[in-house]
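Asker: See coords.csv below, with CSV, C-alpha atoms.
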chain,number,residue,atom,x,y,z
A,238,MET,CA,102.6,115.5,92.5
A,239,LYS,CA,100.7,117.8,90.1
A,240,VAL,CA,97.0,117.3,89.1
A,241,GLY,CA,96.1,120.0,86.6
A,242,ALA,CA,97.2,123.3,88.2
A,243,HIS,CA,97.1,121.8,91.7
A,244,SER,CA,100.0,120.5,93.8
A,245,ILE,CA,99.1,117.6,95.9
A,246,GLY,CA,101.2,116.5,99.0
A,247,PRO,CA,102.3,117.6,102.4
A,248,GLY,CA,101.5,121.2,103.2
A,249,GLN,CA,99.1,121.5,100.2
A,250,PRO,CA,95.3,121.8,100.4
A,251,LEU,CA,93.3,118.6,100.6
A,252,LEU,CA,92.3,117.2,97.2
A,253,LEU,CA,88.7,115.9,97.0
A,254,ILE,CA,88.0,113.0,94.7
A,255,ALA,CA,84.2,112.3,94.6
A,256,GLY,CA,81.3,111.1,92.5
A,257,PRO,CA,79.0,108.2,91.9
A,258,CYS,CA,80.6,104.8,91.5
A,259,VAL,CA,79.5,104.4,87.9
A,260,ILE,CA,77.8,106.5,85.2
A,261,GLU,CA,74.1,105.7,85.5
A,262,GLY,CA,73.0,108.3,83.0
A,263,GLU,CA,74.1,111.6,81.5
A,264,ALA,CA,71.7,113.8,83.5
A,265,GLN,CA,72.4,112.1,86.8
A,266,THR,CA,76.2,112.3,86.2
A,267,LEU,CA,76.1,116.0,85.4
A,268,ALA,CA,73.9,116.8,88.4
A,269,ALA,CA,76.3,114.9,90.7
A,270,ALA,CA,79.3,116.8,89.2
A,271,ARG,CA,77.7,120.1,89.8
A,272,ARG,CA,77.2,119.3,93.4
A,273,VAL,CA,80.8,118.1,93.8
A,274,ALA,CA,81.9,121.5,92.3
A,275,GLU,CA,79.7,123.4,94.7
A,276,VAL,CA,81.0,121.6,97.8
A,277,ALA,CA,84.6,122.2,96.6
A,278,ARG,CA,84.0,125.9,96.1
A,279,ARG,CA,82.3,126.3,99.5
A,280,HIS,CA,85.3,124.8,101.3
A,281,GLY,CA,88.0,126.3,99.1
A,282,VAL,CA,89.7,123.1,98.1
A,283,PRO,CA,90.4,121.5,94.7
A,284,ALA,CA,88.2,118.6,93.5
A,285,VAL,CA,88.3,115.8,91.0
A,286,PHE,CA,85.1,114.3,89.7
A,287,LYS,CA,85.3,110.5,89.8
A,288,CYS,CA,82.9,108.2,87.8
A,289,SER,CA,83.5,104.9,86.0
A,290,PHE,CA,82.4,104.1,82.4
A,291,ASP,CA,82.6,100.4,83.2
A,292,LYS,CA,82.8,98.4,86.4
A,293,ALA,CA,84.5,95.2,85.2
A,294,ASN,CA,84.8,93.6,88.6
A,295,ARG,CA,81.2,93.4,89.8
A,296,THR,CA,80.4,90.4,92.1
A,297,SER,CA,77.7,89.1,89.8
A,298,GLY,CA,77.8,89.0,86.0
A,299,LYS,CA,74.2,90.3,86.0
A,300,SER,CA,75.1,93.5,87.9
A,301,PHE,CA,75.0,96.9,86.1
A,302,ARG,CA,78.4,97.8,84.7
A,303,GLY,CA,77.9,101.2,83.1
A,304,PRO,CA,77.6,102.6,79.5
A,305,GLY,CA,81.0,101.4,78.3
A,306,LEU,CA,84.1,103.3,77.0
A,307,GLN,CA,82.8,105.4,74.2
A,308,GLU,CA,79.6,106.6,75.7
A,309,GLY,CA,81.1,107.0,79.1
A,310,LEU,CA,83.9,109.2,77.9
A,311,ARG,CA,81.4,111.3,76.0
A,312,VAL,CA,79.6,112.0,79.3
A,313,LEU,CA,82.8,112.7,81.2
A,314,ALA,CA,83.9,115.1,78.5
A,315,ARG,CA,80.6,117.0,79.0
A,316,VAL,CA,81.2,117.0,82.7
A,317,LYS,CA,84.6,118.7,82.2
A,318,GLN,CA,83.1,121.2,79.7
A,319,GLU,CA,80.1,122.2,81.8
A,320,THR,CA,81.6,122.2,85.4
A,321,GLY,CA,85.3,122.9,84.9
A,322,LEU,CA,86.2,120.0,87.2
A,323,LEU,CA,89.1,117.7,86.6
A,324,VAL,CA,87.9,114.2,85.9
A,325,LEU,CA,89.1,110.7,86.9
A,326,THR,CA,88.0,107.3,85.7
A,327,ASP,CA,89.4,103.8,86.1
A,328,VAL,CA,90.8,101.7,83.4
A,329,HIS,CA,90.8,97.9,83.4
A,330,GLU,CA,92.6,97.0,80.2
A,331,VAL,CA,95.7,98.3,78.4
A,332,SER,CA,93.5,99.2,75.3
A,333,GLN,CA,91.5,101.7,77.4
A,334,CYS,CA,94.4,103.9,78.6
A,335,VAL,CA,95.0,106.0,75.5
A,336,PRO,CA,91.3,106.8,74.7
A,337,ALA,CA,90.6,107.5,78.3
A,338,ALA,CA,93.6,109.8,78.6
A,339,GLU,CA,92.3,111.9,75.7
A,340,VAL,CA,89.4,112.9,77.8
A,341,VAL,CA,90.1,112.6,81.6
A,342,ASP,CA,92.8,114.2,83.7
A,343,ILE,CA,93.7,111.3,86.0
A,344,LEU,CA,93.7,107.5,85.3
A,345,GLN,CA,92.9,105.2,88.1
A,346,ILE,CA,94.2,101.6,88.5
A,347,PRO,CA,91.6,99.5,90.4
A,348,ALA,CA,92.8,97.7,93.5
A,349,PHE,CA,92.5,94.3,92.0
A,350,LEU,CA,94.8,95.3,89.2
A,351,CYS,CA,97.5,97.2,91.1
A,352,ARG,CA,100.1,94.6,90.3
A,353,GLN,CA,99.3,94.4,86.6
A,354,THR,CA,102.6,95.5,85.0
A,355,ASP,CA,101.3,96.0,81.4
A,356,LEU,CA,98.3,98.1,82.7
A,357,LEU,CA,100.6,100.2,84.9
A,358,HIS,CA,103.0,100.8,82.0
A,359,ALA,CA,100.2,101.7,79.6
A,360,ALA,CA,98.7,104.2,82.1
A,361,GLY,CA,102.1,105.6,82.8
A,362,ARG,CA,103.0,106.2,79.2
A,363,THR,CA,99.9,108.4,78.6
A,364,GLY,CA,101.6,111.2,80.5
A,365,LEU,CA,98.7,111.7,82.9
A,366,PRO,CA,98.8,111.5,86.7
A,367,VAL,CA,97.9,108.0,87.9
A,368,ASN,CA,96.0,107.0,91.1
A,369,VAL,CA,96.8,103.5,92.1
A,370,LYS,CA,94.5,101.8,94.6
A,371,LYS,CA,96.3,99.5,97.0
A,372,GLY,CA,95.1,96.0,96.5
A,373,GLN,CA,93.1,94.5,99.4
A,374,PHE,CA,95.7,91.7,99.4
A,375,VAL,CA,98.9,93.9,99.1
A,376,ALA,CA,101.1,95.1,101.9
A,377,PRO,CA,101.5,98.9,102.0
A,378,SER,CA,105.3,98.6,101.7
A,379,ASP,CA,104.8,96.6,98.4
A,380,MET,CA,103.2,99.6,96.7
A,381,LYS,CA,106.6,100.9,96.0
A,382,ASN,CA,106.7,98.4,93.2
A,383,ALA,CA,103.6,100.0,91.5
A,384,VAL,CA,105.3,103.4,91.8
A,385,ALA,CA,108.5,102.0,90.3
A,386,LYS,CA,106.6,100.5,87.3
A,387,LEU,CA,104.9,103.8,86.6
A,388,SER,CA,108.2,105.6,86.9
A,389,ASP,CA,109.7,103.2,84.4
A,390,ALA,CA,107.0,104.2,82.0
A,391,GLY,CA,107.7,107.9,82.5
A,392,CYS,CA,105.0,108.8,85.0
A,393,LYS,CA,106.1,111.2,87.7
A,394,ASP,CA,102.7,112.1,89.2
A,395,VAL,CA,101.5,109.2,91.2
A,396,LEU,CA,98.9,109.0,94.0
A,397,LEU,CA,98.4,105.9,96.2
A,398,THR,CA,95.1,105.2,97.7
A,399,GLU,CA,94.4,103.2,100.9
A,400,ARG,CA,91.0,101.4,100.6
A,401,GLY,CA,91.2,98.7,103.3
A,402,THR,CA,92.7,95.2,103.5
A,403,THR,CA,91.0,91.8,103.4
A,404,PHE,CA,90.1,90.7,106.9
A,405,GLY,CA,88.7,87.2,106.7
A,406,HIS,CA,85.7,86.6,104.5
A,407,HIS,CA,83.4,89.4,103.4
A,408,ASP,CA,85.1,92.1,105.4
A,409,LEU,CA,87.9,94.7,105.2
A,410,VAL,CA,89.9,96.5,107.9
A,411,VAL,CA,92.0,99.7,107.7
A,412,ASP,CA,95.5,99.6,109.1
A,413,PHE,CA,96.3,103.2,109.4
A,414,ARG,CA,100.0,102.5,109.6
A,415,GLY,CA,99.8,101.8,105.9
A,416,ILE,CA,99.1,105.4,105.2
A,417,LEU,CA,102.5,106.4,106.7
A,418,GLU,CA,104.2,103.6,104.9
A,419,MET,CA,102.8,104.5,101.5
A,420,ARG,CA,103.5,108.2,102.0
A,421,ARG,CA,107.2,107.4,101.8
A,422,PHE,CA,106.7,106.6,98.1
A,423,ALA,CA,104.0,109.1,96.9
A,424,PRO,CA,101.2,111.3,98.2
A,425,VAL,CA,98.4,109.3,99.8
A,426,CYS,CA,94.6,109.4,99.4
A,427,PHE,CA,92.2,107.7,101.7
A,428,ASP,CA,89.2,106.0,100.2
A,429,ALA,CA,86.6,106.3,103.0
A,430,THR,CA,83.8,104.5,101.2
A,431,HIS,CA,85.4,101.5,99.7
A,432,SER,CA,87.1,100.9,103.0
A,433,VAL,CA,83.7,100.1,104.6
A,434,GLN,CA,82.7,97.6,101.9
A,435,ARG,CA,81.8,94.1,102.8
A,436,PRO,CA,82.9,92.4,99.5
A,437,GLY,CA,80.3,89.8,98.4
A,438,GLY,CA,78.6,90.3,101.7
A,439,GLN,CA,75.1,90.3,100.1
A,440,GLY,CA,75.6,87.1,98.2
A,441,ASP,CA,75.4,88.3,94.6
A,442,ARG,CA,76.6,91.9,95.5
A,443,THR,CA,78.9,93.8,97.8
A,444,GLY,CA,77.5,95.2,101.0
A,445,GLY,CA,78.9,97.8,103.3
A,446,ASP,CA,78.1,100.3,106.1
A,447,ARG,CA,78.3,103.9,105.0
A,448,THR,CA,78.0,105.1,108.7
A,449,LEU,CA,81.5,104.0,109.3
A,450,ALA,CA,83.0,106.1,106.5
A,451,PRO,CA,83.1,109.5,108.3
A,452,PRO,CA,84.9,108.2,111.5
A,453,LEU,CA,87.4,106.4,109.4
A,454,ALA,CA,88.0,109.5,107.3
A,455,ARG,CA,88.5,111.5,110.5
A,456,ALA,CA,91.1,109.0,111.7
A,457,ALA,CA,92.9,109.0,108.3
A,458,ALA,CA,93.0,112.8,108.4
A,459,ALA,CA,94.6,112.7,111.9
A,460,VAL,CA,97.3,110.2,110.6
A,461,GLY,CA,98.0,112.4,107.6
A,462,ILE,CA,96.4,112.3,104.1
A,463,ASP,CA,96.8,114.4,101.0
A,464,ALA,CA,93.4,113.5,99.3
A,465,LEU,CA,90.1,112.1,100.3
A,466,PHE,CA,88.1,109.8,98.0
A,467,CYS,CA,84.4,109.2,98.6
A,468,GLU,CA,81.7,107.8,96.4
A,469,VAL,CA,78.6,110.0,96.6
A,470,HIS,CA,75.1,109.6,95.2
A,471,GLU,CA,71.9,111.5,95.3
A,472,ASP,CA,70.1,108.5,96.7
A,473,PRO,CA,72.6,105.9,97.8
A,474,ASP,CA,70.0,103.2,98.6
A,475,LYS,CA,69.0,103.3,94.9
A,476,ALA,CA,72.6,103.5,93.5
A,477,LEU,CA,73.3,100.9,90.8
A,478,SER,CA,76.7,100.1,92.2
A,479,ASP,CA,78.2,100.4,95.7
A,480,GLY,CA,75.1,101.8,97.2
A,481,PRO,CA,75.6,100.4,100.8
A,482,ASN,CA,78.9,102.3,101.2
A,483,SER,CA,78.2,105.4,99.1
A,484,LEU,CA,77.5,108.7,101.0
A,485,SER,CA,74.7,111.1,100.4
A,486,PHE,CA,75.9,114.6,99.4
A,487,GLU,CA,74.9,115.9,102.9
A,488,LEU,CA,76.9,113.2,104.7
A,489,TRP,CA,79.9,113.7,102.4
A,490,GLU,CA,80.0,117.4,102.9
A,491,ALA,CA,79.9,117.0,106.6
A,492,THR,CA,82.8,114.6,106.4
A,493,VAL,CA,84.8,117.0,104.2
A,494,ARG,CA,84.2,119.7,106.7
A,495,GLU,CA,85.5,117.5,109.6
A,496,VAL,CA,88.5,116.3,107.6
A,497,ILE,CA,89.6,119.8,106.6
A,498,ALA,CA,89.2,121.0,110.3
A,499,ILE,CA,91.4,118.1,111.5
A,500,ARG,CA,94.1,118.8,108.9
A,501,ALA,CA,94.0,122.5,109.9
A,502,ALA,CA,94.3,121.7,113.6
A,503,LEU,CA,97.4,119.6,112.9
A,504,HIS,CA,99.2,122.5,111.2
A,505,GLN,CA,98.4,125.2,113.7
Would you give me this structure, written as structure tokens?
Answerer:
Amino acid sequence: MKVGAHSIGPGQPLLLIAGPCVIEGEAQTLAAARRVAEVARRHGVPAVFKCSFDKANRTSGKSFRGPGLQEGLRVLARVKQETGLLVLTDVHEVSQCVPAAEVVDILQIPAFLCRQTDLLHAAGRTGLPVNVKKGQFVAPSDMKNAVAKLSDAGCKDVLLTERGTTFGHHDLVVDFRGILEMRRFAPVCFDATHSVQRPGGQGDRTGGDRTLAPPLARAAAAVGIDALFCEVHEDPDKALSDGPNSLSFELWEATVREVIAIRAALHQ
């Protein structure tokens, strides 16, 4: 697949997708984007800045959701202008696809919505690359259907993301066989931070264990991935969304370094 000027897939450099879960403010978002750009430059790999204008699937209705579509896209446009990074954001409704596509470079379909035909078709018709997160309830082999729906809408650039599978209540597990299965249909990204979530594990919010993200990322790299997705925050314990599983920039860069080294060793 192509993302901007970059080819993503076997034999290509690792694509980094990283940023805070949600836009918490313009200054904070710009600062995070600059750090993502710096890490990508240091390691010589392409990067996409990820941040959401709205988190429509929070555990509690009282949780922070973000600034909304109009303000969020304004902030993301400024990120592109000032950092030169490609930008990704998720869409939850058909009506969000066209306005988001006018600003960002990749549309993302959240895991809970990966079977929503109308949303996939709307995203595919924009002409942008689309990243589809595998639902926690979906078999990896069934993601061929999401790829087919996007293809029917004219989308040729599809990325599939592994982000863990429901394992009883309040927990996820990663079956690394799924990466190989999904790679039959499209390039595959591993979402190291959402894979260590404990959905609803804190009662009115989702928990997680960020210390597990680096070893899972290393394992995914050994199996074979084309992109690495991590949510990063300047102070994860104070993040307004997904703090327990978000990485500090220092921990994220160390993880990136290890994943790149593993991929390089496999191709020696």
Asker: How many Å separate CA of Leu503 (chain A) from CA of Ala464 (chain A)?
Answerer: 15.4 Å
Asker: Given only C-alpha atoms as the basis, pick out the residue of A:Cys288, A:Val433, A:Ala491, A:Cys426 nearest to Leu397 (chain A).
Answerer: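 Using only C-alpha atoms, the shortest distance to Leu397 (chain A) belongs to A:Cys426.
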Asker: May I have the protein, DNA and RNA residues with an atom at most 10 Å from (89.9, 97.3, 108.3), counting all atoms listed in the file in the file's coordinates, returned as a VMD selection string?
Answerer: chain A and resid 373 400 to 404 408 to 413 432 to 434 453
Asker: Point out the residue among A:Gly461, A:Pro257, A:Gly248, A:Pro347 with the least atom-to-atom distance to Ser483 (chain A), counting only C-alpha atoms.
Answerer: A:Pro257
Asker: How many Å lie between CA of Val460 (chain A) and CA of Leu325 (chain A), rounded to one decimal?
Answerer: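 Value for the CA of Val460 (chain A)-CA of Leu325 (chain A) distance: 25.1 Å.
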Asker: Here's a test: counting all atoms listed in the file, identify every protein, DNA and RNA residue with an atom at most 9 Å from (105.7, 110.7, 82.9) in the file's coordinate frame, and state them as a list in words.
Answerer: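 Result, sorted by chain then residue number: Gly361, Arg362, Thr363, Gly364, Leu365, Pro366, Leu387, Ser388, Asp389, Ala390, Gly391, Cys392, Lys393 and Asp394 of chain A.
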Asker: I'd like the contact shell of Gly305 (chain A) - 7 Å cut-off, all atoms listed in the file, skipping same-chain residues fewer than 4 positions apart - returned as a list in words.
Answerer: Phe290, Asp291 and Gly309 of chain A
Asker: Return the single residue from A:Asp446, A:Glu261, A:Glu308, A:Asp428 that is closest to Ala348 (chain A), with distances computed using only C-alpha atoms.
Answerer: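 Residue with the minimum atom-to-atom distance to Ala348 (chain A): A:Asp428.
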Asker: Any idea what the distance is between CA of Gln345 (chain A) and CA of His329 (chain A)?
Answerer: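 Distance reported for this atom pair: 8.9 Å.
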Asker: Looking at only C-alpha atoms, which of A:Leu313, A:Gln307, A:Phe349, A:Val493 is the one that sits closest to Pro283 (chain A)?
Answerer: A:Val493
Asker: Using all atoms listed in the file, pick whichever of A:Gln265, A:Arg352, A:Glu495, A:Val425 has the shortest atom-to-atom distance to Asp472 (chain A).
Answerer: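 Once distances to Asp472 (chain A) are computed over all atoms listed in the file, the minimum belongs to A:Gln265.
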Asker: Pick out the closest residue to Ile497 (chain A) from this set: A:His406, A:Met380, A:Gly281, A:Asp355. Count all atoms listed in the file.
Answerer: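 Under the stated criterion, the closest residue is A:Gly281.
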Asker: Leaving out Arg421 (chain A) and any residue of its chain fewer than 4 positions from it, which residues lie within 12 Å of it when counting all atoms listed in the file, given as a list in words?
Answerer: Gly246, Pro247, Pro377, Ser378, Asp379, Met380, Lys381, Val384, Leu396, Leu397, Arg414, Gly415, Ile416, Leu417, Val425 and Gly461 of chain A
